[in-house]
Every structure is written in C-alpha cells, then in structure tokens.
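Participant: One file: work_24.csv (CSV, C-alpha atoms).
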chain,number,residue,atom,x,y,z
A,1,MET,CA,-13.6,-9.5,-16.2
A,2,ALA,CA,-13.1,-11.7,-13.1
A,3,PHE,CA,-12.0,-14.9,-14.6
A,4,PHE,CA,-9.6,-16.5,-12.1
A,5,PRO,CA,-11.0,-17.9,-8.9
A,6,ALA,CA,-12.2,-15.2,-6.5
A,7,SER,CA,-9.4,-15.7,-3.9
A,8,LEU,CA,-6.8,-15.5,-6.7
A,9,GLU,CA,-8.3,-12.3,-8.2
A,10,ASN,CA,-8.2,-10.9,-4.6
A,11,LEU,CA,-4.6,-11.8,-4.3
A,12,ILE,CA,-3.8,-10.2,-7.7
A,13,ASP,CA,-5.7,-7.0,-6.6
A,14,LYS,CA,-3.7,-6.9,-3.4
A,15,PHE,CA,-0.4,-7.1,-5.2
A,16,ALA,CA,-1.6,-4.6,-7.8
A,17,SER,CA,-2.3,-2.2,-4.9
A,18,LEU,CA,1.5,-2.1,-4.1
A,19,PRO,CA,3.5,0.9,-5.3
A,20,GLY,CA,5.1,0.3,-8.7
A,21,VAL,CA,3.3,-3.0,-9.3
A,22,GLY,CA,1.0,-3.1,-12.4
A,23,LYS,CA,-1.7,-5.6,-13.2
A,24,LYS,CA,0.6,-7.9,-15.2
A,25,SER,CA,3.3,-8.0,-12.5
A,26,ALA,CA,0.6,-8.5,-9.9
A,27,GLN,CA,-0.6,-11.6,-11.8
A,28,ARG,CA,2.9,-12.9,-12.0
A,29,LEU,CA,3.5,-12.4,-8.3
A,30,ALA,CA,0.2,-14.0,-7.4
A,31,PHE,CA,0.9,-17.0,-9.6
A,32,HIS,CA,4.4,-17.3,-8.1
A,33,MET,CA,2.8,-17.3,-4.6
A,34,LEU,CA,0.6,-20.2,-5.6
A,35,SER,CA,3.6,-22.1,-6.9
A,36,LEU,CA,5.2,-21.9,-3.5
A,37,SER,CA,4.8,-24.7,-1.0
A,38,ASN,CA,2.2,-24.2,1.7
A,39,GLN,CA,4.9,-23.6,4.2
A,40,GLU,CA,6.7,-20.9,2.1
A,41,ALA,CA,3.4,-19.1,1.4
A,42,GLU,CA,2.5,-19.2,5.1
A,43,ALA,CA,6.0,-17.9,5.9
A,44,PHE,CA,5.4,-15.0,3.5
A,45,ALA,CA,2.0,-14.1,5.1
A,46,ASP,CA,3.6,-14.4,8.6
A,47,ALA,CA,6.4,-12.1,7.6
A,48,ILE,CA,3.9,-9.4,6.8
A,49,THR,CA,1.9,-9.9,10.0
A,50,HIS,CA,5.0,-10.2,12.1
A,51,ALA,CA,6.7,-7.1,10.8
A,52,LYS,CA,3.5,-5.1,11.0
A,53,HIS,CA,3.0,-6.1,14.6
A,54,SER,CA,6.6,-5.8,15.9
A,55,VAL,CA,8.0,-2.8,14.0
A,56,HIS,CA,7.1,0.7,15.2
A,57,PHE,CA,8.8,4.0,15.4
A,58,CYS,CA,11.7,4.6,17.9
A,59,ARG,CA,10.4,6.8,20.6
A,60,VAL,CA,13.4,9.2,20.1
A,61,CYS,CA,14.4,9.3,16.4
A,62,GLN,CA,11.2,7.9,14.9
A,63,ASN,CA,13.2,5.3,12.8
A,64,PHE,CA,11.9,1.8,12.5
A,65,THR,CA,12.6,-0.4,15.5
A,66,GLU,CA,11.2,-3.4,17.3
A,67,ASP,CA,12.2,-2.0,20.7
A,68,ASP,CA,11.2,1.1,22.6
A,69,ILE,CA,14.3,2.9,21.5
A,70,CYS,CA,16.3,2.0,18.4
A,71,GLY,CA,19.9,0.7,18.4
A,72,ILE,CA,21.4,4.0,17.4
A,73,CYS,CA,19.6,6.1,20.0
A,74,ALA,CA,20.3,3.5,22.7
A,75,SER,CA,24.0,3.3,21.8
A,76,ASP,CA,26.5,5.2,24.1
A,77,ARG,CA,29.1,5.0,21.3
A,78,ARG,CA,27.1,7.5,19.2
A,79,ASP,CA,27.4,11.3,19.6
A,80,HIS,CA,24.0,12.3,20.9
A,81,SER,CA,24.8,16.0,20.5
A,82,VAL,CA,24.3,15.8,16.7
A,83,ILE,CA,21.1,15.0,14.9
A,84,CYS,CA,20.9,14.2,11.2
A,85,VAL,CA,17.4,14.9,9.9
A,86,VAL,CA,16.3,12.6,7.0
A,87,SER,CA,12.9,12.2,5.4
A,88,GLU,CA,12.8,8.3,5.2
A,89,PRO,CA,14.2,5.3,7.1
A,90,ARG,CA,16.1,4.2,4.0
A,91,ASP,CA,18.1,7.4,4.1
A,92,VAL,CA,19.4,6.4,7.5
A,93,LEU,CA,20.6,3.2,5.8
A,94,SER,CA,22.3,5.2,3.1
A,95,ILE,CA,24.2,7.4,5.5
A,96,GLU,CA,25.2,4.5,7.8
A,97,ARG,CA,26.6,2.8,4.7
A,98,GLY,CA,29.2,5.5,4.6
A,99,ARG,CA,30.5,4.5,8.1
A,100,GLU,CA,31.6,8.1,8.6
A,101,TYR,CA,28.7,9.7,10.5
A,102,ASN,CA,28.6,8.9,14.3
A,103,GLY,CA,25.7,11.1,15.5
A,104,THR,CA,22.1,10.2,15.8
A,105,TYR,CA,19.2,10.6,13.3
A,106,HIS,CA,15.7,12.0,13.1
A,107,VAL,CA,13.3,10.5,10.6
A,108,LEU,CA,10.6,12.9,9.5
A,109,HIS,CA,8.6,10.2,7.5
A,110,GLY,CA,8.0,12.5,4.7
A,111,VAL,CA,8.6,16.1,3.6
A,112,LEU,CA,6.4,19.1,3.5
A,113,SER,CA,4.4,19.1,0.3
A,114,PRO,CA,1.5,21.5,-0.2
A,115,MET,CA,0.7,19.7,-3.4
A,116,SER,CA,0.2,16.4,-1.7
A,117,HIS,CA,-1.4,18.1,1.4
A,118,VAL,CA,1.4,17.2,3.7
A,119,GLY,CA,1.7,19.9,6.3
A,120,PRO,CA,4.0,20.3,9.3
A,121,GLU,CA,1.7,18.3,11.6
A,122,ASP,CA,1.9,15.3,9.2
A,123,ILE,CA,5.6,14.6,9.6
A,124,LYS,CA,7.6,14.1,12.7
A,125,ILE,CA,8.6,17.8,13.3
A,126,LYS,CA,7.3,18.3,16.8
A,127,GLU,CA,9.2,15.2,18.0
A,128,LEU,CA,12.4,16.8,16.6
A,129,LEU,CA,11.7,20.1,18.3
A,130,ALA,CA,11.1,18.2,21.6
A,131,ARG,CA,14.5,16.5,21.3
A,132,VAL,CA,16.3,19.8,20.6
A,133,ALA,CA,14.3,21.5,23.4
A,134,GLU,CA,15.9,19.1,25.9
A,135,GLY,CA,19.1,21.1,25.5
A,136,GLU,CA,21.7,18.4,24.8
A,137,VAL,CA,21.7,18.9,21.1
A,138,GLU,CA,24.4,21.1,19.6
A,139,GLU,CA,24.0,20.6,15.9
A,140,VAL,CA,21.2,19.6,13.5
A,141,ILE,CA,22.3,18.5,10.1
A,142,MET,CA,19.6,18.7,7.4
A,143,ALA,CA,19.9,15.7,5.1
A,144,THR,CA,16.6,15.9,3.3
A,145,ASN,CA,16.8,15.2,-0.5
A,146,PRO,CA,18.1,18.1,-2.6
A,147,ASP,CA,14.8,18.6,-4.4
A,148,THR,CA,12.3,21.4,-4.0
A,149,GLU,CA,10.3,19.8,-1.3
A,150,GLY,CA,13.4,18.6,0.6
A,151,GLU,CA,14.9,22.0,0.4
A,152,ALA,CA,11.7,23.7,1.6
A,153,THR,CA,11.4,21.3,4.5
A,154,ALA,CA,15.0,21.9,5.5
A,155,LEU,CA,14.5,25.7,5.3
A,156,TYR,CA,11.3,25.5,7.3
A,157,LEU,CA,12.9,23.4,10.0
A,158,SER,CA,16.0,25.7,10.2
A,159,ARG,CA,13.7,28.6,11.0
A,160,LEU,CA,11.8,26.6,13.6
A,161,LEU,CA,15.2,25.7,15.2
A,162,LYS,CA,16.4,29.3,15.3
A,163,PRO,CA,15.1,30.0,18.9
A,164,PHE,CA,17.0,27.0,20.3
A,165,GLU,CA,20.4,28.4,19.3
A,166,VAL,CA,21.7,25.1,17.9
A,167,LYS,CA,24.0,25.0,14.9
A,168,VAL,CA,21.9,24.1,11.8
A,169,SER,CA,23.8,22.7,8.8
A,170,ARG,CA,23.0,21.3,5.4
A,171,LEU,CA,24.6,18.4,3.5
A,172,ALA,CA,27.1,19.8,0.9
A,173,TYR,CA,26.0,20.0,-2.7
A,174,GLY,CA,28.5,19.2,-5.4
A,175,ILE,CA,29.8,16.8,-8.0
A,176,PRO,CA,29.4,13.2,-7.0
A,177,VAL,CA,32.7,11.5,-6.2
A,178,GLY,CA,33.9,9.5,-9.1
A,179,SER,CA,31.6,11.1,-11.6
A,180,ASN,CA,32.4,13.3,-14.5
A,181,LEU,CA,32.0,17.1,-14.9
A,182,GLU,CA,30.6,16.5,-18.4
A,183,PHE,CA,27.6,14.7,-17.0
A,184,ALA,CA,26.8,17.0,-14.1
A,185,ASP,CA,23.7,19.1,-14.6
A,186,ASP,CA,23.9,22.9,-14.5
A,187,ALA,CA,22.3,23.3,-11.1
A,188,THR,CA,24.8,20.9,-9.5
A,189,LEU,CA,27.8,22.5,-11.2
A,190,ASN,CA,26.7,26.0,-10.0
A,191,ARG,CA,26.2,24.7,-6.4
A,192,ALA,CA,29.6,23.0,-6.6
A,193,ILE,CA,31.3,26.3,-7.6
A,194,GLU,CA,29.4,28.3,-4.9
A,195,GLY,CA,30.3,25.7,-2.3
A,196,ARG,CA,34.0,25.4,-3.3
A,197,THR,CA,36.5,24.8,-0.5
A,198,GLU,CA,40.1,25.9,-0.1
A,199,MET,CA,42.7,23.3,-0.8
B,1,MET,CA,24.5,-5.4,6.7
B,2,ALA,CA,21.3,-6.0,8.7
B,3,PHE,CA,20.4,-2.6,9.8
B,4,PHE,CA,16.6,-2.6,9.9
B,5,PRO,CA,14.8,-4.5,12.7
B,6,ALA,CA,15.0,-8.3,12.1
B,7,SER,CA,11.3,-8.7,11.2
B,8,LEU,CA,11.5,-5.8,8.7
B,9,GLU,CA,14.7,-7.3,7.1
B,10,ASN,CA,12.8,-10.6,6.9
B,11,LEU,CA,9.9,-9.0,5.1
B,12,ILE,CA,12.3,-7.3,2.7
B,13,ASP,CA,14.0,-10.6,2.0
B,14,LYS,CA,10.6,-12.2,1.4
B,15,PHE,CA,9.7,-9.5,-1.2
B,16,ALA,CA,13.1,-9.8,-2.7
B,17,SER,CA,12.5,-13.5,-3.3
B,18,LEU,CA,9.7,-12.7,-5.7
B,19,PRO,CA,10.3,-12.9,-9.4
B,20,GLY,CA,11.4,-9.5,-10.9
B,21,VAL,CA,11.7,-7.8,-7.5
B,22,GLY,CA,15.1,-6.4,-6.7
B,23,LYS,CA,16.5,-5.4,-3.3
B,24,LYS,CA,15.4,-1.7,-3.7
B,25,SER,CA,11.9,-2.6,-4.8
B,26,ALA,CA,11.6,-5.1,-2.0
B,27,GLN,CA,12.5,-2.4,0.5
B,28,ARG,CA,9.9,0.0,-1.0
B,29,LEU,CA,7.3,-2.7,-0.9
B,30,ALA,CA,8.1,-3.7,2.8
B,31,PHE,CA,8.0,0.0,3.8
B,32,HIS,CA,4.7,0.3,2.1
B,33,MET,CA,3.4,-2.7,4.0
B,34,LEU,CA,4.4,-1.0,7.3
B,35,SER,CA,2.6,2.2,6.2
B,36,LEU,CA,-0.7,0.3,5.8
B,37,SER,CA,-3.1,0.1,8.7
B,38,ASN,CA,-3.1,-3.1,10.8
B,39,GLN,CA,-6.3,-4.2,9.1
B,40,GLU,CA,-4.9,-3.6,5.6
B,41,ALA,CA,-1.7,-5.5,6.3
B,42,GLU,CA,-3.7,-8.3,7.9
B,43,ALA,CA,-5.9,-8.5,4.8
B,44,PHE,CA,-2.9,-8.8,2.6
B,45,ALA,CA,-1.5,-11.6,4.6
B,46,ASP,CA,-4.9,-13.3,4.6
B,47,ALA,CA,-5.2,-13.0,0.9
B,48,ILE,CA,-2.0,-15.0,0.5
B,49,THR,CA,-3.0,-17.7,2.9
B,50,HIS,CA,-6.6,-17.8,1.6
B,51,ALA,CA,-5.6,-18.0,-2.1
B,52,LYS,CA,-2.9,-20.6,-1.3
B,53,HIS,CA,-5.4,-22.8,0.6
B,54,SER,CA,-8.4,-22.5,-1.7
B,55,VAL,CA,-6.9,-22.4,-5.1
B,56,HIS,CA,-5.8,-25.7,-6.7
B,57,PHE,CA,-5.9,-27.2,-10.2
B,58,CYS,CA,-9.1,-28.2,-11.9
B,59,ARG,CA,-9.3,-32.0,-12.0
B,60,VAL,CA,-10.0,-31.9,-15.7
B,61,CYS,CA,-8.1,-29.1,-17.4
B,62,GLN,CA,-5.6,-28.2,-14.6
B,63,ASN,CA,-6.5,-24.5,-14.7
B,64,PHE,CA,-6.7,-22.7,-11.3
B,65,THR,CA,-10.1,-23.2,-9.6
B,66,GLU,CA,-11.5,-23.2,-6.1
B,67,ASP,CA,-13.9,-26.0,-6.9
B,68,ASP,CA,-13.3,-29.6,-7.9
B,69,ILE,CA,-13.9,-28.7,-11.6
B,70,CYS,CA,-13.5,-25.2,-13.0
B,71,GLY,CA,-16.3,-23.1,-14.5
B,72,ILE,CA,-15.3,-23.8,-18.1
B,73,CYS,CA,-15.0,-27.6,-17.7
B,74,ALA,CA,-18.3,-27.7,-15.7
B,75,SER,CA,-20.2,-25.5,-18.3
B,76,ASP,CA,-22.6,-27.3,-20.6
B,77,ARG,CA,-22.5,-24.3,-23.0
B,78,ARG,CA,-18.9,-25.1,-23.9
B,79,ASP,CA,-17.9,-27.5,-26.6
B,80,HIS,CA,-16.2,-30.4,-24.8
B,81,SER,CA,-15.1,-32.1,-28.0
B,82,VAL,CA,-12.4,-29.4,-28.5
B,83,ILE,CA,-9.4,-28.9,-26.2
B,84,CYS,CA,-7.1,-25.9,-26.5
B,85,VAL,CA,-3.7,-26.7,-24.9
B,86,VAL,CA,-1.9,-23.7,-23.3
B,87,SER,CA,1.2,-23.5,-21.2
B,88,GLU,CA,0.0,-21.2,-18.4
B,89,PRO,CA,-3.3,-20.2,-16.8
B,90,ARG,CA,-2.8,-16.6,-18.0
B,91,ASP,CA,-3.0,-17.9,-21.6
B,92,VAL,CA,-6.5,-19.1,-20.9
B,93,LEU,CA,-7.3,-15.5,-19.9
B,94,SER,CA,-5.9,-14.2,-23.2
B,95,ILE,CA,-7.9,-16.6,-25.3
B,96,GLU,CA,-11.1,-16.0,-23.3
B,97,ARG,CA,-10.6,-12.3,-23.8
B,98,GLY,CA,-11.2,-12.9,-27.5
B,99,ARG,CA,-14.7,-14.2,-26.8
B,100,GLU,CA,-14.5,-16.4,-29.9
B,101,TYR,CA,-13.3,-19.7,-28.7
B,102,ASN,CA,-16.0,-21.9,-27.1
B,103,GLY,CA,-14.2,-25.2,-26.4
B,104,THR,CA,-12.3,-26.3,-23.3
B,105,TYR,CA,-8.7,-25.8,-22.2
B,106,HIS,CA,-5.8,-27.8,-20.9
B,107,VAL,CA,-3.2,-26.0,-18.9
B,108,LEU,CA,0.3,-27.7,-19.1
B,109,HIS,CA,1.8,-25.5,-16.4
B,110,GLY,CA,5.0,-25.2,-18.3
B,111,VAL,CA,6.7,-26.3,-21.5
B,112,LEU,CA,9.3,-28.9,-22.2
B,113,SER,CA,12.7,-27.4,-21.7
B,114,PRO,CA,15.7,-29.6,-21.5
B,115,MET,CA,17.8,-26.5,-20.6
B,116,SER,CA,15.7,-26.0,-17.4
B,117,HIS,CA,15.4,-29.7,-16.8
B,118,VAL,CA,11.6,-29.7,-17.5
B,119,GLY,CA,10.7,-33.1,-18.9
B,120,PRO,CA,7.4,-34.6,-20.0
B,121,GLU,CA,6.6,-35.8,-16.5
B,122,ASP,CA,7.0,-32.3,-15.1
B,123,ILE,CA,4.1,-30.8,-17.0
B,124,LYS,CA,0.5,-31.9,-17.2
B,125,ILE,CA,0.8,-34.2,-20.2
B,126,LYS,CA,-0.5,-37.4,-18.9
B,127,GLU,CA,-3.7,-35.6,-17.7
B,128,LEU,CA,-4.2,-34.4,-21.3
B,129,LEU,CA,-3.7,-37.9,-22.7
B,130,ALA,CA,-6.2,-39.3,-20.2
B,131,ARG,CA,-8.8,-36.8,-21.3
B,132,VAL,CA,-8.3,-37.6,-25.0
B,133,ALA,CA,-8.3,-41.4,-24.2
B,134,GLU,CA,-11.8,-41.0,-22.9
B,135,GLY,CA,-12.9,-40.7,-26.5
B,136,GLU,CA,-15.1,-37.7,-26.5
B,137,VAL,CA,-12.5,-35.3,-27.8
B,138,GLU,CA,-12.4,-34.6,-31.6
B,139,GLU,CA,-9.8,-31.8,-31.8
B,140,VAL,CA,-6.8,-30.7,-29.8
B,141,ILE,CA,-5.6,-27.1,-30.6
B,142,MET,CA,-1.9,-26.5,-29.7
B,143,ALA,CA,-1.7,-22.9,-28.3
B,144,THR,CA,1.7,-23.0,-26.7
B,145,ASN,CA,3.8,-19.9,-27.4
B,146,PRO,CA,5.4,-19.7,-30.8
B,147,ASP,CA,8.9,-19.9,-29.4
B,148,THR,CA,11.4,-22.8,-29.6
B,149,GLU,CA,10.2,-24.5,-26.4
B,150,GLY,CA,6.5,-23.9,-27.1
B,151,GLU,CA,7.0,-25.3,-30.7
B,152,ALA,CA,8.9,-28.4,-29.4
B,153,THR,CA,6.2,-29.0,-26.8
B,154,ALA,CA,3.4,-28.8,-29.4
B,155,LEU,CA,5.3,-31.1,-31.7
B,156,TYR,CA,6.0,-33.6,-29.0
B,157,LEU,CA,2.3,-33.6,-27.9
B,158,SER,CA,1.1,-34.0,-31.5
B,159,ARG,CA,3.1,-37.2,-31.8
B,160,LEU,CA,1.8,-38.5,-28.5
B,161,LEU,CA,-1.7,-37.8,-29.7
B,162,LYS,CA,-1.3,-39.6,-33.1
B,163,PRO,CA,-2.6,-43.0,-31.8
B,164,PHE,CA,-5.8,-41.5,-30.5
B,165,GLU,CA,-6.9,-40.4,-34.1
B,166,VAL,CA,-8.0,-36.9,-33.0
B,167,LYS,CA,-7.5,-33.8,-35.2
B,168,VAL,CA,-4.4,-31.9,-33.9
B,169,SER,CA,-4.1,-28.3,-35.0
B,170,ARG,CA,-1.8,-25.3,-34.2
B,171,LEU,CA,-2.7,-21.6,-33.8
B,172,ALA,CA,-2.1,-19.8,-37.1
B,173,TYR,CA,1.1,-17.7,-37.4
B,174,GLY,CA,1.0,-14.5,-39.2
B,175,ILE,CA,1.1,-10.7,-39.2
B,176,PRO,CA,-0.7,-9.4,-36.1
B,177,VAL,CA,-4.0,-7.6,-36.9
B,178,GLY,CA,-3.6,-3.9,-37.1
B,179,SER,CA,0.2,-4.1,-37.3
B,180,ASN,CA,2.4,-3.1,-40.1
B,181,LEU,CA,4.3,-5.3,-42.6
B,182,GLU,CA,7.3,-3.0,-42.2
B,183,PHE,CA,7.7,-4.0,-38.5
B,184,ALA,CA,7.1,-7.7,-38.9
B,185,ASP,CA,10.2,-9.8,-38.4
B,186,ASP,CA,11.4,-12.2,-41.2
B,187,ALA,CA,10.3,-15.3,-39.5
B,188,THR,CA,6.8,-14.0,-39.0
B,189,LEU,CA,6.6,-12.8,-42.6
B,190,ASN,CA,7.7,-16.1,-44.0
B,191,ARG,CA,5.2,-18.0,-41.8
B,192,ALA,CA,2.5,-15.6,-43.0
B,193,ILE,CA,3.3,-16.3,-46.6
B,194,GLU,CA,3.5,-20.1,-46.0
B,195,GLY,CA,0.2,-20.0,-44.2
B,196,ARG,CA,-1.6,-17.7,-46.8
B,197,THR,CA,-5.3,-18.4,-47.2
B,198,GLU,CA,-7.5,-18.1,-50.3
B,199,MET,CA,-9.7,-15.0,-50.4
Show me this structure written as structure tokens.
Facilitator:
Amino acid sequence: MAFFPASLENLIDKFASLPGVGKKSAQRLAFHMLSLSNQEAEAFADAITHAKHSVHFCRVCQNFTEDDICGICASDRRDHSVICVVSEPRDVLSIERGREYNGTYHVLHGVLSPMSHVGPEDIKIKELLARVAEGEVEEVIMATNPDTEGEATALYLSRLLKPFEVKVSRLAYGIPVGSNLEFADDATLNRAIEGRTEM
Amino acid sequence: MAFFPASLENLIDKFASLPGVGKKSAQRLAFHMLSLSNQEAEAFADAITHAKHSVHFCRVCQNFTEDDICGICASDRRDHSVICVVSEPRDVLSIERGREYNGTYHVLHGVLSPMSHVGPEDIKIKELLARVAEGEVEEVIMATNPDTEGEATALYLSRLLKPFEVKVSRLAYGIPVGSNLEFADDATLNRAIEGRTEM
C-alpha cells in the first residue's frame, strides 16, 4: 500500500532497514527528516557519506580509524606488549572508559557463530595471529562477551595462540561492583566463588 | 569523550538527534551504516537528499506530495465537497486504510498547543479557510486526535468555520470495534453512552 510519495516511501524503507527500527519508527524518522531544513537534511546525508568514505579499519588493531593506524596503536604511551581482544569497536570504548587499561586492542568484528555461519575466516583472527607472530606481544587478554559464542571464540583463539608461547588471559567473571548478591544469577555467583581471590 | 574517529562521532551525533533515538541506538545505527557497502550507504544518503528535495506540501490539502497537487486532490473520483481535517500526514494513511472515506483531506501539520507555543498561524489553518471560502465545500469533518489539544483545535476550527455555513462534524467517540467494555476507560464509556445511536 504505497500511499506516500515514492521518494518518501523509499526513505521510510531505508530507515526501516536499520537494525531495531520498525515500520512506525521509520515513518516517524522519515517525517522528522522532512521537517528539517534543507541544510540540516543535507548535513545528515553528508555525515553518512563522509563517515562511510573516511572511516576504515586500523591496519594493526582493526578498530575504526580515519588514519592508516589508529590513535591507540600509534601512541608510544600505550603498552604494545599487551593486546586486549574484543569483538566490537564499542567494546574498546567500554574498556577505555575505565581509564585503567593501558595496552592495545584487537577488534575481531564479530564472534565465531556456527548458527549464523560466522567462521574463523569471517572475523579478524589472522590479523591477530600476524601481530602475535611478530614477537613483541607478551600477553593477550580475551575480552569477548561472557556468552556462549564469546566464550567459544576466546577458547578457539587461546588454542591458536598456544604455539606462540604468549600469556593468554581472560577477563574475570564475578559479581558486578555495586550490585547485590541477591540479584546475581546462579552462573555468575558460581563463577565468582570459583574465581575468589585471597584478601 | 570523543573516542571514535571524528566523522563517525559526527554520524553518531546525527542519529542521536533523531526523535526517540538515544546515544546507544545512535551508535548501533552508525556502526550499521559503516557495515553497509559503499553503494548501500550512498543510497541511504541519496534517499534523504532526494526525499527532502522532491517532497513538499500539496498546494490544496497540505499533505506530502511530489507534485503540485497530491493524488487525492487531483482525483475526480473523490468527493471534493467533503474535507476531513487531520493533524498529521500519517492520519491520512490511517483513514485511507479503512477504504470507506471518499472525500478529500486537509493536513494541519500540528495542533494548537499553547504549552508548546503552537498558535493558529503555526499550523495550516488559513489554507483550510481559503479552501472552504471557495464555496464548493459542504462538510468539514474534524478528525484530530481525541486528546485535549486535538479537541481544542477542532473546537477552534469549528468556530472559525461558522460564518461559511458549512456542516462541521466530528469523528464519533466510542468503544473500539472488537474491544471489550471491561477495558474501556470511563471517559470513552461515557462518550459512547452519550453518542448512542438508535438500532
């Protein structure tokens, strides 16, 4: 039932193709776009084109960057002997927010997922192995999400890394700081007990 | 805390400026945009520019159109003596979905709202009066939403239309078809009783 003008229907379809945006929201977003000034709408379109053209993967860590090598990989104030492996660029942001970690990252851009047909060649694994093979890396920290696929990916990587004789570690599991034992699920509580540390 | 490349941060900000899109969703949408092929991203940007350039208001009813006059206003199969007044273009879609109404529309693009500083000159009222003043219109149906602002707008318009001696009507209030008396709120039930019709 195409009822709006074709170019508006097209814009609605485009918004509806975005993750988590339903038909109704897509309509609202398209209407909003029409309510913007020409300049604002143009700026929006330009932002897409510009980001798409200038952002690519860092040659080293595969995080988003506009340069050949990202700021973290290029910095001599970071510890290049440690690599923290994450699945998505937003995870880098999360860890950086903690202002504690001073090593480098490696962004896999996904996790192994047989169900979604994501195999080892679909994520940035060989780039990680190449970095480790250069010999400067001493420790690789697995920081994939603590779910089935994240776990499987971490395990798979740790096996691949065995021959290089680097230390491979995993983020600690446990009760979130500031939360309540009462609300922790069983799996988390069991892991917290297993991973208990001496005081 | 700008951490992503500037053009990506800019794109995230743009998405975050959309109604109902928070910072996290904006990030997800921007990342999705980067994951598209160059062609797909370009098509998205073009859809915005194209819609913004080609869609404007119908000279008669103020609904969205790419032409001078929209399909409904230009059709000789519609009854041009009846105008249904709605607040938004999406309301036209809702009424058309019913396949019952055969008159024309008038889109106000808003409702009177003193709280949001929307006055009579901010919505398409004078365009409606101009249409009625031409003398061919016999009935104006108020189909603004049955909330305080929609009601006030309908009442205000009906007073403005008095001098033109056209019939002014209001959509019927009542129990939604297929719903349950048990779940109808008091105001709706009272309106349904007031507006009861003979069988």
Participant: Between B:Ala26, B:Val55, B:Ala152, B:Ala187, which residue has the minimum interatomic distance to chain A, considering all atoms listed in the file?
Facilitator: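 Among the listed residues, the smallest separation from chain A belongs to B:Val55.
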Participant: Here is a test: counting all atoms listed in the file, which residue of B:Lys23, B:Ala130, B:Asp13, B:Ser87 is nearest to Arg59 in chain B?
Facilitator: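 Result for the nearest residue to Arg59 in chain B: B:Ala130.
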Participant: Which residues of chain A sit at most 9 Å from chain B, using all atoms listed in the file? Give each one's shortest atom pair and distance in Å (one decimal place), in chain and ascending residue order, as CSV.
Facilitator:
residue,atom,partner,partner_atom,distance
A:Met1,CA,B:Arg97,CA,8.6
A:Phe3,CA,B:Leu93,CA,7.1
A:Phe4,CA,B:Phe64,CA,6.9
A:Pro5,CA,B:Thr65,CA,5.4
A:Ala6,CA,B:Glu66,CA,8.0
A:Ser7,CA,B:Ala51,CA,4.8
A:Leu8,CA,B:Ala51,CA,5.4
A:Glu9,CA,B:Ala51,CA,8.8
A:Asn10,CA,B:Ala47,CA,6.6
A:Leu11,CA,B:Ala47,CA,5.4
A:Lys14,CA,B:Phe44,CA,6.3
A:Phe15,CA,B:Phe44,CA,8.4
A:Leu18,CA,B:Leu29,CA,6.7
A:Pro19,CA,B:Leu29,CA,6.8
A:Gly20,CA,B:Ser25,CA,8.4
A:Ser25,CA,B:Gly20,CA,8.4
A:Gln27,CA,B:Arg90,CA,8.3
A:Arg28,CA,B:Pro19,CA,7.8
A:Leu29,CA,B:Leu18,CA,6.7
A:Ala30,CA,B:Ile48,CA,8.3
A:Phe31,CA,B:Pro89,CA,8.9
A:His32,CA,B:Leu18,CA,7.4
A:Met33,CA,B:Lys52,CA,7.4
A:Leu34,CA,B:Lys52,CA,5.6
A:Ser35,CA,B:Lys52,CA,8.7
A:Leu36,CA,B:Lys52,CA,8.5
A:Ser37,CA,B:Lys52,CA,8.7
A:Asn38,CA,B:Lys52,CA,6.9
A:Ala41,CA,B:Thr49,CA,6.7
A:Glu42,CA,B:Thr49,CA,6.1
A:Ala43,CA,B:Lys14,CA,8.6
A:Phe44,CA,B:Lys14,CA,6.3
A:Ala45,CA,B:Ala45,CA,4.3
A:Asp46,CA,B:Ala45,CA,7.1
A:Ala47,CA,B:Leu11,CA,5.3
A:Ile48,CA,B:Ala45,CA,6.2
A:Thr49,CA,B:Glu42,CA,6.2
A:His50,CA,B:Ser7,CA,6.5
A:Ala51,CA,B:Ser7,CA,4.9
A:Lys52,CA,B:Leu34,CA,5.6
A:His53,CA,B:Asn38,CA,7.8
A:Ser54,CA,B:Ser7,CA,7.3
A:Val55,CA,B:Leu8,CA,7.0
A:His56,CA,B:Leu34,CA,8.5
A:Phe64,CA,B:Pro5,CA,6.9
A:Thr65,CA,B:Pro5,CA,5.4
A:Glu66,CA,B:Pro5,CA,5.9
A:Asp67,CA,B:Pro5,CA,8.8
A:Cys70,CA,B:Pro5,CA,8.8
A:Pro89,CA,B:Phe4,CA,8.7
A:Arg90,CA,B:Gln27,CA,8.3
A:Leu93,CA,B:Phe3,CA,7.0
A:Glu96,CA,B:Phe3,CA,8.8
A:Arg97,CA,B:Met1,CA,8.7
Participant: For each of A:Ile72, A:Asp122, A:Ala143, A:Glu138, take the minimum atom-to-atom distance to Asp91 in chain A, counting only C-alpha atoms, then give the residue where this is smallest.
Facilitator: A:Ala143
Participant: For each of B:Asn102, B:Thr197, B:Thr148, B:Ser179, take the minimum atom-to-atom distance to Cys84 in chain B, counting only C-alpha atoms, then give the residue where this is smallest.
Facilitator: B:Asn102
Participant: One number please: CA of Ile95 in chain A to CA of Asn190 in chain A, in Å, one decimal.
Facilitator: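 Atom-to-atom, CA of Ile95 in chain A to CA of Asn190 in chain A, that is 24.3 Å.
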Participant: Tell me, in Å to one decimal, how far CA of Val132 in chain A is from CA of Val85 in chain A.
Facilitator: 11.8 Å
Participant: Calculate how many Å separate CA of Gly110 in chain A from CA of Ala192 in chain A, rounding to one decimal.
Facilitator: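 It comes out at 26.5 Å.
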Participant: Measuring atom to atom with all atoms listed in the file, identify which of B:Ala74, B:Leu157, B:Leu112, B:Val60 is nearest to Glu134 in chain B.
Facilitator: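 Smallest separation from Glu134 in chain B among the options: B:Val60.
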Participant: With all atoms listed in the file as the counted atoms, please give the residues lying no more than 8 Å from Ser81 in chain A, apart from itself and same-chain residues fewer than 4 positions off, as a PyMOL selection string.
Facilitator: chain A and resi 103-104+136-139
Participant: Out of A:Val168, A:Val111, A:Leu181, A:Cys58, which residue has the shortest atom-to-atom distance to Met142 in chain A when counting all atoms listed in the file?
Facilitator: A:Val168
